[in-house]
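S.K.: Sharing final_1.cif, mmCIF, C-alpha atoms, pLDDT in the B column; chains and numbers go by the auth columns:
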```cif
data_entry
#
loop_
_atom_site.group_PDB
_atom_site.id
_atom_site.type_symbol
_atom_site.label_atom_id
_atom_site.label_comp_id
_atom_site.label_asym_id
_atom_site.label_seq_id
_atom_site.Cartn_x
_atom_site.Cartn_y
_atom_site.Cartn_z
_atom_site.B_iso_or_equiv
_atom_site.auth_seq_id
_atom_site.auth_asym_id
ATOM 1 C CA MET A 1 -24.775 -30.410 -4.932 49.00 21 A
ATOM 2 C CA THR A 2 -22.183 -33.111 -4.278 51.00 22 A
ATOM 3 C CA GLY A 3 -18.445 -32.477 -3.959 52.00 23 A
ATOM 4 C CA ALA A 4 -17.717 -34.569 -7.056 51.00 24 A
ATOM 5 C CA ARG A 5 -20.187 -32.562 -9.119 50.00 25 A
ATOM 6 C CA ARG A 6 -18.838 -29.241 -7.781 53.00 26 A
ATOM 7 C CA LYS A 7 -15.259 -30.142 -8.818 58.00 27 A
ATOM 8 C CA GLN A 8 -16.383 -30.502 -12.428 67.00 28 A
ATOM 9 C CA GLU A 9 -17.945 -27.041 -12.580 83.00 29 A
ATOM 10 C CA THR A 10 -16.089 -24.258 -14.333 87.00 30 A
ATOM 11 C CA ASP A 11 -14.621 -21.648 -12.005 92.00 31 A
ATOM 12 C CA TRP A 12 -16.189 -18.641 -13.749 94.00 32 A
ATOM 13 C CA ILE A 13 -14.691 -16.251 -11.222 95.00 33 A
ATOM 14 C CA GLY A 14 -11.289 -17.740 -12.068 94.00 34 A
ATOM 15 C CA VAL A 15 -11.970 -17.348 -15.791 96.00 35 A
ATOM 16 C CA PHE A 16 -12.999 -13.729 -15.206 96.00 36 A
ATOM 17 C CA ASN A 17 -9.827 -13.253 -13.148 97.00 37 A
ATOM 18 C CA ALA A 18 -7.656 -14.658 -15.963 97.00 38 A
ATOM 19 C CA GLY A 19 -9.303 -12.312 -18.452 97.00 39 A
ATOM 20 C CA VAL A 20 -8.592 -9.295 -16.279 97.00 40 A
ATOM 21 C CA PHE A 21 -4.973 -10.423 -15.902 97.00 41 A
ATOM 22 C CA LEU A 22 -4.610 -10.509 -19.695 98.00 42 A
ATOM 23 C CA ILE A 23 -6.161 -7.038 -19.939 97.00 43 A
ATOM 24 C CA LEU A 24 -3.681 -5.722 -17.349 97.00 44 A
ATOM 25 C CA VAL A 25 -0.721 -7.304 -19.151 96.00 45 A
ATOM 26 C CA GLY A 26 -1.926 -5.840 -22.454 96.00 46 A
ATOM 27 C CA ALA A 27 -2.386 -2.404 -20.895 95.00 47 A
ATOM 28 C CA MET A 28 1.094 -2.581 -19.362 94.00 48 A
ATOM 29 C CA TRP A 29 2.543 -3.501 -22.747 93.00 49 A
ATOM 30 C CA ALA A 30 0.616 -0.710 -24.502 94.00 50 A
ATOM 31 C CA MET A 31 1.743 1.917 -21.975 93.00 51 A
ATOM 32 C CA ASN A 32 5.374 0.778 -22.227 91.00 52 A
ATOM 33 C CA PRO A 33 6.131 0.241 -25.928 91.00 53 A
ATOM 34 C CA SER A 34 9.821 -0.401 -25.204 93.00 54 A
ATOM 35 C CA LEU A 35 8.985 -3.253 -22.812 94.00 55 A
ATOM 36 C CA ALA A 36 9.861 -6.041 -25.251 93.00 56 A
ATOM 37 C CA GLY A 37 13.348 -4.634 -25.730 95.00 57 A
ATOM 38 C CA GLU A 38 13.658 -4.067 -21.979 95.00 58 A
ATOM 39 C CA ALA A 39 12.731 -7.696 -21.281 95.00 59 A
ATOM 40 C CA ILE A 40 15.192 -8.999 -23.872 95.00 60 A
ATOM 41 C CA GLY A 41 17.909 -6.760 -22.426 96.00 61 A
ATOM 42 C CA PHE A 42 17.120 -8.032 -18.929 96.00 62 A
ATOM 43 C CA PHE A 43 17.554 -11.688 -19.882 95.00 63 A
ATOM 44 C CA LYS A 44 20.691 -11.012 -21.928 95.00 64 A
ATOM 45 C CA ASP A 45 22.201 -9.138 -18.967 95.00 65 A
ATOM 46 C CA PHE A 46 22.437 -12.124 -16.607 93.00 66 A
ATOM 47 C CA GLN A 47 25.772 -13.262 -15.267 94.00 67 A
ATOM 48 C CA LEU A 48 26.916 -15.421 -12.360 93.00 68 A
ATOM 49 C CA VAL A 49 27.663 -13.463 -9.196 90.00 69 A
ATOM 50 C CA GLU A 50 29.515 -14.896 -6.217 89.00 70 A
ATOM 51 C CA VAL A 51 27.317 -14.289 -3.175 85.00 71 A
ATOM 52 C CA SER A 52 29.528 -16.184 -0.774 86.00 72 A
ATOM 53 C CA ARG A 53 32.731 -18.155 -1.075 91.00 73 A
ATOM 54 C CA GLY A 54 32.017 -20.750 -3.769 90.00 74 A
ATOM 55 C CA ILE A 55 28.295 -19.912 -4.079 91.00 75 A
ATOM 56 C CA MET A 56 27.250 -18.381 -7.384 92.00 76 A
ATOM 57 C CA LEU A 57 23.819 -17.086 -8.324 90.00 77 A
ATOM 58 C CA PRO A 58 22.570 -15.611 -11.597 92.00 78 A
ATOM 59 C CA ALA A 59 21.957 -11.851 -11.456 94.00 79 A
ATOM 60 C CA PRO A 60 21.565 -9.070 -14.017 96.00 80 A
ATOM 61 C CA ALA A 61 24.731 -7.004 -14.452 93.00 81 A
ATOM 62 C CA SER A 62 22.794 -3.720 -14.449 93.00 82 A
ATOM 63 C CA ASN A 63 19.512 -2.270 -13.212 93.00 83 A
ATOM 64 C CA HIS A 64 16.426 -2.405 -15.444 96.00 84 A
ATOM 65 C CA PRO A 65 14.118 0.168 -13.810 96.00 85 A
ATOM 66 C CA VAL A 66 11.627 0.411 -16.689 95.00 86 A
ATOM 67 C CA LEU A 67 10.987 -3.333 -16.634 96.00 87 A
ATOM 68 C CA TYR A 68 10.969 -3.613 -12.848 97.00 88 A
ATOM 69 C CA GLY A 69 8.644 -0.622 -12.513 97.00 89 A
ATOM 70 C CA ALA A 70 6.213 -1.931 -15.118 96.00 90 A
ATOM 71 C CA VAL A 71 6.058 -5.360 -13.480 97.00 91 A
ATOM 72 C CA ALA A 72 5.688 -3.708 -10.036 98.00 92 A
ATOM 73 C CA ASN A 73 2.680 -1.745 -11.324 97.00 93 A
ATOM 74 C CA LEU A 74 1.207 -4.882 -12.862 97.00 94 A
ATOM 75 C CA MET A 75 1.592 -6.864 -9.617 98.00 95 A
ATOM 76 C CA LEU A 76 0.082 -4.026 -7.561 98.00 96 A
ATOM 77 C CA ALA A 77 -2.902 -3.602 -9.899 98.00 97 A
ATOM 78 C CA TYR A 78 -3.511 -7.352 -10.070 98.00 98 A
ATOM 79 C CA GLY A 79 -3.063 -7.731 -6.306 98.00 99 A
ATOM 80 C CA LEU A 80 -5.605 -4.985 -5.627 98.00 100 A
ATOM 81 C CA PHE A 81 -7.972 -6.575 -8.151 98.00 101 A
ATOM 82 C CA GLN A 82 -7.717 -9.810 -6.170 98.00 102 A
ATOM 83 C CA ILE A 83 -9.559 -8.029 -3.349 98.00 103 A
ATOM 84 C CA ILE A 84 -12.530 -7.746 -5.721 97.00 104 A
ATOM 85 C CA ILE A 85 -12.117 -11.408 -6.666 97.00 105 A
ATOM 86 C CA LEU A 86 -12.142 -12.359 -2.972 97.00 106 A
ATOM 87 C CA GLY A 87 -15.323 -10.334 -2.519 96.00 107 A
ATOM 88 C CA LEU A 88 -16.911 -12.171 -5.449 96.00 108 A
ATOM 89 C CA ARG A 89 -15.833 -15.526 -4.021 96.00 109 A
ATOM 90 C CA ILE A 90 -17.466 -14.605 -0.701 95.00 110 A
ATOM 91 C CA LEU A 91 -20.598 -13.211 -2.386 96.00 111 A
ATOM 92 C CA PHE A 92 -21.102 -16.320 -4.522 94.00 112 A
ATOM 93 C CA LYS A 93 -20.214 -18.684 -1.656 93.00 113 A
ATOM 94 C CA ASP A 94 -17.210 -20.158 -3.449 93.00 114 A
ATOM 95 C CA SER A 95 -15.194 -22.914 -1.777 93.00 115 A
ATOM 96 C CA PHE A 96 -13.129 -22.172 1.309 95.00 116 A
ATOM 97 C CA GLU A 97 -9.973 -23.285 -0.521 95.00 117 A
ATOM 98 C CA ARG A 98 -10.460 -20.795 -3.344 96.00 118 A
ATOM 99 C CA LYS A 99 -11.040 -17.999 -0.842 96.00 119 A
ATOM 100 C CA VAL A 100 -7.849 -18.920 1.029 97.00 120 A
ATOM 101 C CA GLU A 101 -5.865 -19.090 -2.215 97.00 121 A
ATOM 102 C CA THR A 102 -7.151 -15.675 -3.245 97.00 122 A
ATOM 103 C CA ALA A 103 -6.367 -14.092 0.139 97.00 123 A
ATOM 104 C CA SER A 104 -2.885 -15.594 0.059 98.00 124 A
ATOM 105 C CA GLY A 105 -2.423 -14.309 -3.487 97.00 125 A
ATOM 106 C CA ILE A 106 -3.396 -10.778 -2.462 98.00 126 A
ATOM 107 C CA VAL A 107 -0.628 -10.684 0.147 98.00 127 A
ATOM 108 C CA PHE A 108 1.932 -12.217 -2.219 98.00 128 A
ATOM 109 C CA LEU A 109 1.208 -9.886 -5.141 98.00 129 A
ATOM 110 C CA ILE A 110 1.094 -6.661 -3.144 98.00 130 A
ATOM 111 C CA ALA A 111 4.266 -7.537 -1.203 98.00 131 A
ATOM 112 C CA LEU A 112 6.007 -8.523 -4.460 98.00 132 A
ATOM 113 C CA SER A 113 5.035 -5.206 -6.016 98.00 133 A
ATOM 114 C CA LEU A 114 6.715 -3.401 -3.106 98.00 134 A
ATOM 115 C CA PHE A 115 9.969 -5.325 -3.538 98.00 135 A
ATOM 116 C CA LEU A 116 9.882 -4.769 -7.314 98.00 136 A
ATOM 117 C CA ARG A 117 9.369 -1.029 -6.722 98.00 137 A
ATOM 118 C CA MET A 118 12.382 -0.996 -4.372 98.00 138 A
ATOM 119 C CA LEU A 119 14.385 -2.823 -7.039 97.00 139 A
ATOM 120 C CA ALA A 120 13.319 -0.311 -9.707 97.00 140 A
ATOM 121 C CA ASP A 121 14.236 2.593 -7.419 97.00 141 A
ATOM 122 C CA GLU A 122 17.578 0.918 -6.613 96.00 142 A
ATOM 123 C CA THR A 123 16.736 0.856 -2.906 97.00 143 A
ATOM 124 C CA ILE A 124 17.690 -2.820 -3.021 97.00 144 A
ATOM 125 C CA GLY A 125 19.794 -4.832 -5.441 95.00 145 A
ATOM 126 C CA TRP A 126 19.009 -8.073 -7.235 94.00 146 A
ATOM 127 C CA LEU A 127 20.054 -10.273 -4.324 93.00 147 A
ATOM 128 C CA GLY A 128 17.953 -8.134 -1.976 95.00 148 A
ATOM 129 C CA PHE A 129 15.042 -8.662 -4.327 97.00 149 A
ATOM 130 C CA LEU A 130 15.565 -12.435 -4.203 95.00 150 A
ATOM 131 C CA GLY A 131 15.436 -12.177 -0.411 96.00 151 A
ATOM 132 C CA GLY A 132 12.234 -10.148 -0.771 98.00 152 A
ATOM 133 C CA LEU A 133 10.784 -12.842 -3.010 98.00 153 A
ATOM 134 C CA LEU A 134 11.411 -15.354 -0.220 98.00 154 A
ATOM 135 C CA VAL A 135 9.663 -12.981 2.206 98.00 155 A
ATOM 136 C CA CYS A 136 6.657 -12.811 -0.165 98.00 156 A
ATOM 137 C CA ILE A 137 6.469 -16.603 -0.395 98.00 157 A
ATOM 138 C CA GLY A 138 6.728 -16.884 3.388 98.00 158 A
ATOM 139 C CA LEU A 139 4.016 -14.264 3.933 98.00 159 A
ATOM 140 C CA SER A 140 1.748 -16.098 1.523 98.00 160 A
ATOM 141 C CA ILE A 141 2.271 -19.388 3.366 98.00 161 A
ATOM 142 C CA VAL A 142 1.672 -17.747 6.753 98.00 162 A
ATOM 143 C CA VAL A 143 -1.571 -16.111 5.566 97.00 163 A
ATOM 144 C CA SER A 144 -2.793 -19.336 3.975 97.00 164 A
ATOM 145 C CA SER A 145 -2.025 -21.531 6.962 97.00 165 A
ATOM 146 C CA GLY A 146 -3.218 -18.862 9.432 97.00 166 A
ATOM 147 C CA ILE A 147 -6.642 -18.652 7.795 96.00 167 A
ATOM 148 C CA ARG A 148 -6.904 -22.443 7.766 95.00 168 A
ATOM 149 C CA LEU A 149 -5.953 -22.552 11.455 96.00 169 A
ATOM 150 C CA LEU A 150 -8.639 -20.000 12.298 93.00 170 A
ATOM 151 C CA LYS A 151 -11.255 -22.177 10.627 88.00 171 A
ATOM 152 C CA THR A 152 -10.448 -25.238 12.716 80.00 172 A
#
```
Take the structure in the file and write it out as structure tokens.
M.R.:
Amino acid sequence: MTGARRKQETDWIGVFNAGVFLILVGAMWAMNPSLAGEAIGFFKDFQLVEVSRGIMLPAPASNHPVLYGAVANLMLAYGLFQIIILGLRILFKDSFERKVETASGIVFLIALSLFLRMLADETIGWLGFLGGLLVCIGLSIVVSSGIRLLKT
């Protein structure tokens, strides 16, 4: 099969993955009936906070542990599910790029769930969480580029 033909094929593993994500979001919503109000409260709670002289960043004025905890659980569940997706991509001999993206996503989602859990437990504050988000992005880039380097 040619590369041009392969690009036109539907990524059924990706479609399956999207369906599972929707199921997880729906389950999270069903298990947390107050989540809509929590999310609205979160976005209404933002204010500008001075992080350094003359540097302002938006941050919620208070902690929202129910929302943070629910999203942490969602990210952890979806991150762990990505391990199954990676296995399927390997089993069905999916493209190298999709495997790398999935592996990178596993690291990002699981690390993000840890930082969200720390935020929910008030181990870190909002600005600490933003730093953690940068760590997650960096880890994802390192995993992605590291796997590509190993292939060469």
S.K.: Mind giving me the straight-line distance from atom CA of Leu68 of chain A to atom CA of Ile144 of chain A in Å, one decimal?
M.R.: 18.2 Å
S.K.: Can you work out which one of A:Asn37, A:Ala81, A:Leu87, A:Ala140 has the shortest atom-to-atom distance to Glu58 of chain A, counting only C-alpha atoms?
M.R.: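 Of A:Asn37, A:Ala81, A:Leu87, A:Ala140, the one nearest Glu58 of chain A is A:Leu87, counting only C-alpha atoms.
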S.K.: How would you write, as an mmCIF file with C-alpha atoms, in the frame of the given file, the residues chosen by the PyMOL selection byres ((chain A and resi 109) around 12) on this structure?
M.R.:
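Result file follows (part.cif):
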```cif
data_model
loop_
_atom_site.group_PDB
_atom_site.id
_atom_site.type_symbol
_atom_site.label_atom_id
_atom_site.label_comp_id
_atom_site.auth_asym_id
_atom_site.auth_seq_id
_atom_site.Cartn_x
_atom_site.Cartn_y
_atom_site.Cartn_z
ATOM 1 C CA ASP A 31 -14.621 -21.648 -12.005
ATOM 2 C CA TRP A 32 -16.189 -18.641 -13.749
ATOM 3 C CA ILE A 33 -14.691 -16.251 -11.222
ATOM 4 C CA GLY A 34 -11.289 -17.740 -12.068
ATOM 5 C CA PHE A 36 -12.999 -13.729 -15.206
ATOM 6 C CA ASN A 37 -9.827 -13.253 -13.148
ATOM 7 C CA GLN A 102 -7.717 -9.810 -6.170
ATOM 8 C CA ILE A 103 -9.559 -8.029 -3.349
ATOM 9 C CA ILE A 104 -12.530 -7.746 -5.721
ATOM 10 C CA ILE A 105 -12.117 -11.408 -6.666
ATOM 11 C CA LEU A 106 -12.142 -12.359 -2.972
ATOM 12 C CA GLY A 107 -15.323 -10.334 -2.519
ATOM 13 C CA LEU A 108 -16.911 -12.171 -5.449
ATOM 14 C CA ILE A 110 -17.466 -14.605 -0.701
ATOM 15 C CA LEU A 111 -20.598 -13.211 -2.386
ATOM 16 C CA PHE A 112 -21.102 -16.320 -4.522
ATOM 17 C CA LYS A 113 -20.214 -18.684 -1.656
ATOM 18 C CA ASP A 114 -17.210 -20.158 -3.449
ATOM 19 C CA SER A 115 -15.194 -22.914 -1.777
ATOM 20 C CA PHE A 116 -13.129 -22.172 1.309
ATOM 21 C CA GLU A 117 -9.973 -23.285 -0.521
ATOM 22 C CA ARG A 118 -10.460 -20.795 -3.344
ATOM 23 C CA LYS A 119 -11.040 -17.999 -0.842
ATOM 24 C CA VAL A 120 -7.849 -18.920 1.029
ATOM 25 C CA GLU A 121 -5.865 -19.090 -2.215
ATOM 26 C CA THR A 122 -7.151 -15.675 -3.245
ATOM 27 C CA ALA A 123 -6.367 -14.092 0.139
#
```
S.K.: So that I can check the surroundings of segment 130-133 of chain A, please list as JSON, numbers by chain every protein, DNA and RNA residue that reaches within 9 Å of it, counting only C-alpha atoms and ignoring chain neighbours fewer than 4 positions away.
M.R.: {"A": [89, 91, 92, 93, 94, 95, 96, 97, 98, 99, 100, 125, 126, 137, 138, 152, 153, 155, 156, 159]}
S.K.: In Å, with one decimal, what is the gap from atom CA of Met48 of chain A to atom CA of Ser160 of chain A?
M.R.: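 Computing the Euclidean distance for atom CA of Met48 of chain A and atom CA of Ser160 of chain A yields 24.9 Å.
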S.K.: For a cutoff of 10 Å around the file-coordinate point (24.8, -12.0, -8.9), which residues qualify once you count only C-alpha atoms? I'd like the result as an MDAnalysis selection string.
M.R.: chainID A and resid 66:71 75:81 145:147
S.K.: Record the distance separating atom CA of Ala38 of chain A and atom CA of Leu129 of chain A, expressed in Å with one decimal.
M.R.: 14.8 Å
S.K.: Rank nothing, just name the residue among A:Thr30, A:Ile43, A:Ile60, A:Ser124 nearest to Arg168 of chain A, using only C-alpha atoms.
M.R.: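 Checking each candidate against Arg168 of chain A, we get A:Ser124 as the closest.
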S.K.: For a quick check of understanding, using all atoms listed in the file, which of A:Leu150, A:Val86, A:Val35, A:Val40 has the smallest distance to Asn52 of chain A?
M.R.: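 Checking each candidate against Asn52 of chain A, we get A:Val86 as the closest.
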S.K.: Which residue is closest to Gly158 of chain A? Choose from A:Thr172, A:Leu134, A:Glu142, A:Phe128 and count only C-alpha atoms.
M.R.: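 Of all the options, A:Phe128 lies closest to Gly158 of chain A.
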S.K.: Can you complete the atoms of segment 61-80 of chain A to N, CA and C atoms and list them as a compact mmCIF listing (two decimals), in the frame of the given file?
M.R.:
```txt
# COMPACT_ATOMS: atom_id res chain seq x y z
N GLY A 61 16.69 -7.27 -23.04
CA GLY A 61 17.91 -6.76 -22.43
C GLY A 61 18.12 -7.33 -21.03
N PHE A 62 17.04 -7.47 -20.28
CA PHE A 62 17.12 -8.03 -18.93
C PHE A 62 17.67 -9.45 -18.97
N PHE A 63 17.11 -10.30 -19.84
CA PHE A 63 17.55 -11.69 -19.88
C PHE A 63 18.95 -11.84 -20.46
N LYS A 64 19.33 -10.97 -21.37
CA LYS A 64 20.69 -11.01 -21.93
C LYS A 64 21.73 -10.51 -20.94
N ASP A 65 21.31 -9.79 -19.92
CA ASP A 65 22.20 -9.14 -18.97
C ASP A 65 22.63 -10.04 -17.81
N PHE A 66 22.13 -11.26 -17.74
CA PHE A 66 22.44 -12.12 -16.61
C PHE A 66 23.87 -12.63 -16.64
N GLN A 67 24.43 -12.70 -15.45
CA GLN A 67 25.77 -13.26 -15.27
C GLN A 67 25.79 -13.94 -13.91
N LEU A 68 26.79 -14.78 -13.67
CA LEU A 68 26.92 -15.42 -12.36
C LEU A 68 27.64 -14.48 -11.42
N VAL A 69 27.09 -14.34 -10.22
CA VAL A 69 27.66 -13.46 -9.20
C VAL A 69 27.97 -14.32 -7.97
N GLU A 70 29.16 -14.16 -7.43
CA GLU A 70 29.52 -14.90 -6.22
C GLU A 70 28.91 -14.19 -5.01
N VAL A 71 27.99 -14.88 -4.33
CA VAL A 71 27.32 -14.29 -3.18
C VAL A 71 28.01 -14.66 -1.87
N SER A 72 28.75 -15.72 -1.90
CA SER A 72 29.53 -16.18 -0.77
C SER A 72 30.62 -17.08 -1.34
N ARG A 73 31.61 -17.35 -0.57
CA ARG A 73 32.73 -18.16 -1.08
C ARG A 73 32.22 -19.45 -1.71
N GLY A 74 32.40 -19.55 -3.02
CA GLY A 74 32.02 -20.75 -3.77
C GLY A 74 30.54 -20.85 -4.12
N ILE A 75 29.73 -19.87 -3.77
CA ILE A 75 28.30 -19.91 -4.08
C ILE A 75 28.00 -18.83 -5.12
N MET A 76 27.54 -19.28 -6.27
CA MET A 76 27.25 -18.38 -7.38
C MET A 76 25.74 -18.39 -7.67
N LEU A 77 25.22 -17.22 -7.93
CA LEU A 77 23.82 -17.09 -8.32
C LEU A 77 23.73 -16.21 -9.57
N PRO A 78 22.74 -16.48 -10.43
CA PRO A 78 22.57 -15.61 -11.60
C PRO A 78 21.95 -14.27 -11.17
N ALA A 79 22.46 -13.19 -11.75
CA ALA A 79 21.96 -11.85 -11.46
C ALA A 79 22.19 -10.96 -12.67
N PRO A 80 21.31 -10.00 -12.92
CA PRO A 80 21.56 -9.07 -14.02
C PRO A 80 22.75 -8.17 -13.66
```
